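**Student:** First, the structure itself, so that you have it in front of you.
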Amino acid sequence: MESLINHKYLRLYCEFLGILFIVFTLLFIIARFIIYLWLKYKARQFKWRGGPHTWAVITGCTEGIGLAYAEQLAAKGYNLLLISRNDEKLQKVKSDIEVKNKSARKVRTLAIDFFDTSDETYDKIDHMLDTLDEIHVLVNNVGTNYPNEKPEYMTKIPGLTHVIMSLINVNIVSCTRLTALVLPRMERRGRGVIINLSSFSALYPFELMFSHSLRCDWSECIKYAELIRLSSRHLPAFTTYCEAVFRYVKGSETDDPSEVETAVQLLAVVPSVRVRYFGKSVSLEKSAVMRAQKFSNTNECSVLPDMVRSVI
Ligand SMILES: NC(=O)c1ccc[n+]([C@@H]2O[C@H](COP(=O)([O-])OP(=O)(O)OC[C@H]3O[C@@H](n4cnc5c(N)ncnc54)[C@H](OP(=O)(O)O)[C@@H]3O)[C@@H](O)[C@H]2O)c1
């Protein structure tokens, strides 16, 4: 009798769990569908507003990414204010854009060295901004890097004080002060977009590891790779993969089977340490897992270090 009651309650309990599961699954599917419809039909889409009265302001625009922004925004019909260091280069960019883009309306230039953070410099920009009808886009693109674009030991950087001040003035002060000048103007109109250029590498402390790999100093690489792997919360699969590759290369070059063995063991754990945020892994994690699995699936004979080579 008692077992019958238990059986009945157990059945009820399972049915309840089953219904709960079905209800939650249905709610989840409905919610996803509503979000999909909302994003497709209702969400406020950003609209570029190139036109006779709208301006895009771009800093550091005589080369690289800034120049590409200038060309693209000109093609979208914006008037351009180009701010960069070298007036000669600015005039060349201005005339190239005017020739290439018939839709470009007005192109103005302002030669500013953002190393100089004096009030006069920013007053000059402020006065120029006063002459523009509506600023719809600000691209804070100007940026500088270490000499030779290569990270170094701080004490070994020549002209260290100048480098430090340049990184702060050009990369940080320019971005914040220009935003402070432009944002109130956008706020008054209730619209506008500010694009700040940054670097993915700022998120991860890989520099020393990759500097040593550039010099093919595998022992130093392994030292830093291991340090990073042990402290990495965000990219454990990628950092494990890097250490494995460095050990594998060192082991192969020095005929040291123990290094190769450690590398193989590390590669075997790569898939299990991968992290996901909201069910997704960042591409570095995914590709580390893919390559580690490829190594295992091809009987440990795939070409290993391609990913690390692509990063360095
Ligand atoms: N390229 C990349 O792979 C990469 C990766 C991550 C982040 N970023 C970021 O993206 C932005 C653009 O990078 P990029 O590679 O296109 O740069 P870039 O090719 O070196 O061009 C930099 C531009 O800024 C100007 N500039 C440099 N110092 C200046 C100063 N003190 N005052 C005024 N203008 C100055 C340069 O003018 P001059 O011709 O006078 O030197 C040039 O027009 C930077 O903020 C950078 O940190 C780039």
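Here's how to read the names in the structure tokens: chain A, B, ... by the order shown, residue numbers from 1 in each chain, ligand numbers from 1 in the order shown.
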Give the residue list for ligand 1 at 8 Å, counting only C-alpha atoms and all ligand atoms, as a ChimeraX atom specification, sorted by chain and then by residue number.
**Tutor:** /A:59-67,83-86,89,111-116,140-145,166,169-171,196-201
**Student:** What's around Lys102 (chain A) at 10 Å? Count only C-alpha atoms, leave out sequence neighbours fewer than 5 positions away in its own chain, and write the answer as a PyMOL selection string.
**Tutor:** chain A and resi 74-75+77+97
**Student:** For Gln293 (chain A), find every residue with an atom within 8 Å (counting only C-alpha atoms), except residues of its own chain fewer than 4 positions away, and show them as an MDAnalysis selection string.
**Tutor:** chainID A and resid 267:268 271 289 297
**Student:** Please dump the current selection as a PDB file, in the first residue's frame; keep C-alpha atoms.
**Tutor:**
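Written output follows (result_7.pdb):
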```
ATOM      1  CA  LEU A 267      46.464  20.006 -26.232  1.00  0.00           C
ATOM      2  CA  ALA A 268      44.289  17.179 -24.993  1.00  0.00           C
ATOM      3  CA  PRO A 271      38.547  21.511 -25.387  1.00  0.00           C
ATOM      4  CA  VAL A 289      39.693  24.115 -29.571  1.00  0.00           C
ATOM      5  CA  ASN A 297      42.140  13.697 -34.845  1.00  0.00           C
TER       6      ASN A 297
END
```
**Student:** Counting only C-alpha atoms, which residue out of A:Ile135, A:Ser219, A:Pro158, A:Val264 sits closest to Arg188 (chain A)?
**Tutor:**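 Smallest separation from Arg188 (chain A) among the options: A:Ile135.
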**Student:** Compile the contact shell of Ile164 (chain A) as a PDB file with all heavy atoms, in the first residue's frame: residues with an atom at most 10 Å away, counting only C-alpha atoms, same-chain residues fewer than 4 positions apart removed.
**Tutor:**
```pdb
ATOM      1  N   ASN A 145      51.572  54.552 -30.962  1.00  0.00           N
ATOM      2  CA  ASN A 145      51.956  53.255 -30.398  1.00  0.00           C
ATOM      3  C   ASN A 145      53.383  53.348 -29.843  1.00  0.00           C
ATOM      4  O   ASN A 145      54.029  54.387 -29.921  1.00  0.00           O
ATOM      5  CB  ASN A 145      51.886  52.215 -31.522  1.00  0.00           C
ATOM      6  CG  ASN A 145      51.605  50.833 -30.985  1.00  0.00           C
ATOM      7  OD1 ASN A 145      51.952  50.514 -29.849  1.00  0.00           O
ATOM      8  ND2 ASN A 145      50.979  50.011 -31.797  1.00  0.00           N
ATOM      9  N   TYR A 146      53.898  52.235 -29.368  1.00  0.00           N
ATOM     10  CA  TYR A 146      55.303  52.190 -28.962  1.00  0.00           C
ATOM     11  C   TYR A 146      56.178  52.388 -30.196  1.00  0.00           C
ATOM     12  O   TYR A 146      55.731  52.116 -31.312  1.00  0.00           O
ATOM     13  CB  TYR A 146      55.632  50.823 -28.369  1.00  0.00           C
ATOM     14  CG  TYR A 146      54.850  50.488 -27.138  1.00  0.00           C
ATOM     15  CD1 TYR A 146      53.707  49.707 -27.227  1.00  0.00           C
ATOM     16  CD2 TYR A 146      55.239  50.954 -25.886  1.00  0.00           C
ATOM     17  CE1 TYR A 146      52.974  49.392 -26.104  1.00  0.00           C
ATOM     18  CE2 TYR A 146      54.513  50.637 -24.760  1.00  0.00           C
ATOM     19  CZ  TYR A 146      53.387  49.864 -24.867  1.00  0.00           C
ATOM     20  OH  TYR A 146      52.660  49.552 -23.758  1.00  0.00           O
ATOM     21  N   MET A 154      59.656  48.399 -20.327  1.00  0.00           N
ATOM     22  CA  MET A 154      59.483  49.845 -20.167  1.00  0.00           C
ATOM     23  C   MET A 154      60.816  50.573 -20.058  1.00  0.00           C
ATOM     24  O   MET A 154      61.040  51.610 -20.680  1.00  0.00           O
ATOM     25  CB  MET A 154      58.647  50.100 -18.926  1.00  0.00           C
ATOM     26  CG  MET A 154      58.091  51.487 -18.874  1.00  0.00           C
ATOM     27  SD  MET A 154      56.909  51.583 -17.542  1.00  0.00           S
ATOM     28  CE  MET A 154      56.252  53.186 -17.830  1.00  0.00           C
ATOM     29  N   ILE A 157      62.761  51.467 -23.384  1.00  0.00           N
ATOM     30  CA  ILE A 157      62.200  52.283 -24.471  1.00  0.00           C
ATOM     31  C   ILE A 157      62.994  53.584 -24.567  1.00  0.00           C
ATOM     32  O   ILE A 157      63.100  54.334 -23.590  1.00  0.00           O
ATOM     33  CB  ILE A 157      60.712  52.608 -24.197  1.00  0.00           C
ATOM     34  CG1 ILE A 157      59.900  51.316 -24.217  1.00  0.00           C
ATOM     35  CG2 ILE A 157      60.159  53.602 -25.206  1.00  0.00           C
ATOM     36  CD1 ILE A 157      58.442  51.483 -23.865  1.00  0.00           C
ATOM     37  N   GLY A 159      63.743  57.389 -25.120  1.00  0.00           N
ATOM     38  CA  GLY A 159      62.891  58.585 -24.987  1.00  0.00           C
ATOM     39  C   GLY A 159      61.602  58.254 -24.257  1.00  0.00           C
ATOM     40  O   GLY A 159      60.509  58.668 -24.682  1.00  0.00           O
ATOM     41  N   LEU A 160      61.739  57.509 -23.154  1.00  0.00           N
ATOM     42  CA  LEU A 160      60.564  56.961 -22.472  1.00  0.00           C
ATOM     43  C   LEU A 160      59.526  58.035 -22.107  1.00  0.00           C
ATOM     44  O   LEU A 160      58.334  57.858 -22.343  1.00  0.00           O
ATOM     45  CB  LEU A 160      61.002  56.194 -21.221  1.00  0.00           C
ATOM     46  CG  LEU A 160      59.863  55.556 -20.421  1.00  0.00           C
ATOM     47  CD1 LEU A 160      59.113  54.549 -21.255  1.00  0.00           C
ATOM     48  CD2 LEU A 160      60.401  54.884 -19.163  1.00  0.00           C
ATOM     49  N   ILE A 168      49.617  59.048 -23.747  1.00  0.00           N
ATOM     50  CA  ILE A 168      48.521  59.635 -22.946  1.00  0.00           C
ATOM     51  C   ILE A 168      47.829  60.769 -23.722  1.00  0.00           C
ATOM     52  O   ILE A 168      46.609  60.809 -23.853  1.00  0.00           O
ATOM     53  CB  ILE A 168      49.055  60.147 -21.586  1.00  0.00           C
ATOM     54  CG1 ILE A 168      49.517  58.946 -20.747  1.00  0.00           C
ATOM     55  CG2 ILE A 168      47.991  60.936 -20.838  1.00  0.00           C
ATOM     56  CD1 ILE A 168      50.254  59.298 -19.484  1.00  0.00           C
ATOM     57  N   ASN A 169      48.658  61.692 -24.273  1.00  0.00           N
ATOM     58  CA  ASN A 169      48.067  62.877 -24.915  1.00  0.00           C
ATOM     59  C   ASN A 169      47.314  62.545 -26.194  1.00  0.00           C
ATOM     60  O   ASN A 169      46.221  63.039 -26.438  1.00  0.00           O
ATOM     61  CB  ASN A 169      49.159  63.901 -25.255  1.00  0.00           C
ATOM     62  CG  ASN A 169      49.799  64.464 -24.000  1.00  0.00           C
ATOM     63  OD1 ASN A 169      49.332  64.186 -22.899  1.00  0.00           O
ATOM     64  ND2 ASN A 169      50.865  65.219 -24.146  1.00  0.00           N
TER      65      ASN A 169
END
```
**Student:** How would you write, as a PyMOL selection string, the set of residues in region 14-136 of chain A that DSSP gives as strand (DSSP E or B)?
**Tutor:** chain A and resi 54-59+79-84+107-111+134-136
**Student:** What's the separation between CA of Ile29 (chain A) and CA of Lys42 (chain A), in Å to one decimal place?
**Tutor:** 19.0 Å
**Student:** Just how far from CA of Tyr69 (chain A) is CA of Thr117 (chain A), in Å to one decimal?
**Tutor:**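 So the two atoms, CA of Thr117 (chain A) and CA of Tyr69 (chain A), lie 24.2 Å apart.
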**Student:** Just give me the gap between CA of Leu235 (chain A) and CA of Met209 (chain A) in Å, one decimal is fine.
**Tutor:**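 Between CA of Leu235 (chain A) and CA of Met209 (chain A) the gap is 14.6 Å.
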**Student:** Pick out the residues sitting within 9 Å of Leu230 (chain A), and hand them over as a count of residues only; count only C-alpha atoms, and ignore anything fewer than 5 positions along from it in its own chain.
**Tutor:** 4
**Student:** For a quick check of understanding, using only C-alpha atoms, which of A:Ala237, A:Val137, A:Cys242, A:Leu167 has the smallest distance to Ser272 (chain A)?
**Tutor:**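 Checking each of A:Ala237, A:Val137, A:Cys242, A:Leu167 against Ser272 (chain A), counting only C-alpha atoms, the winner is A:Ala237.
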**Student:** DSSP on the backbone: which residues in region 220-308 of chain A end up as helix (DSSP H, G or I)? Give the answer as number ranges by chain.
**Tutor:** A: 220-231, 236-254, 257-273, 283-297, 306-308
**Student:** Determine the nearest neighbour of Arg185 (chain A) from the options A:Leu129, A:Met165, A:Ile30, A:Val57, counting only C-alpha atoms.
**Tutor:** A:Leu129
**Student:** Please provide the set of residues having any atom within 10 Å of region 251-263 of chain A, restricted to only C-alpha atoms, with same-chain residues fewer than 6 positions apart removed, written as an MDAnalysis selection string.
**Tutor:** chainID A and resid 218 240:245
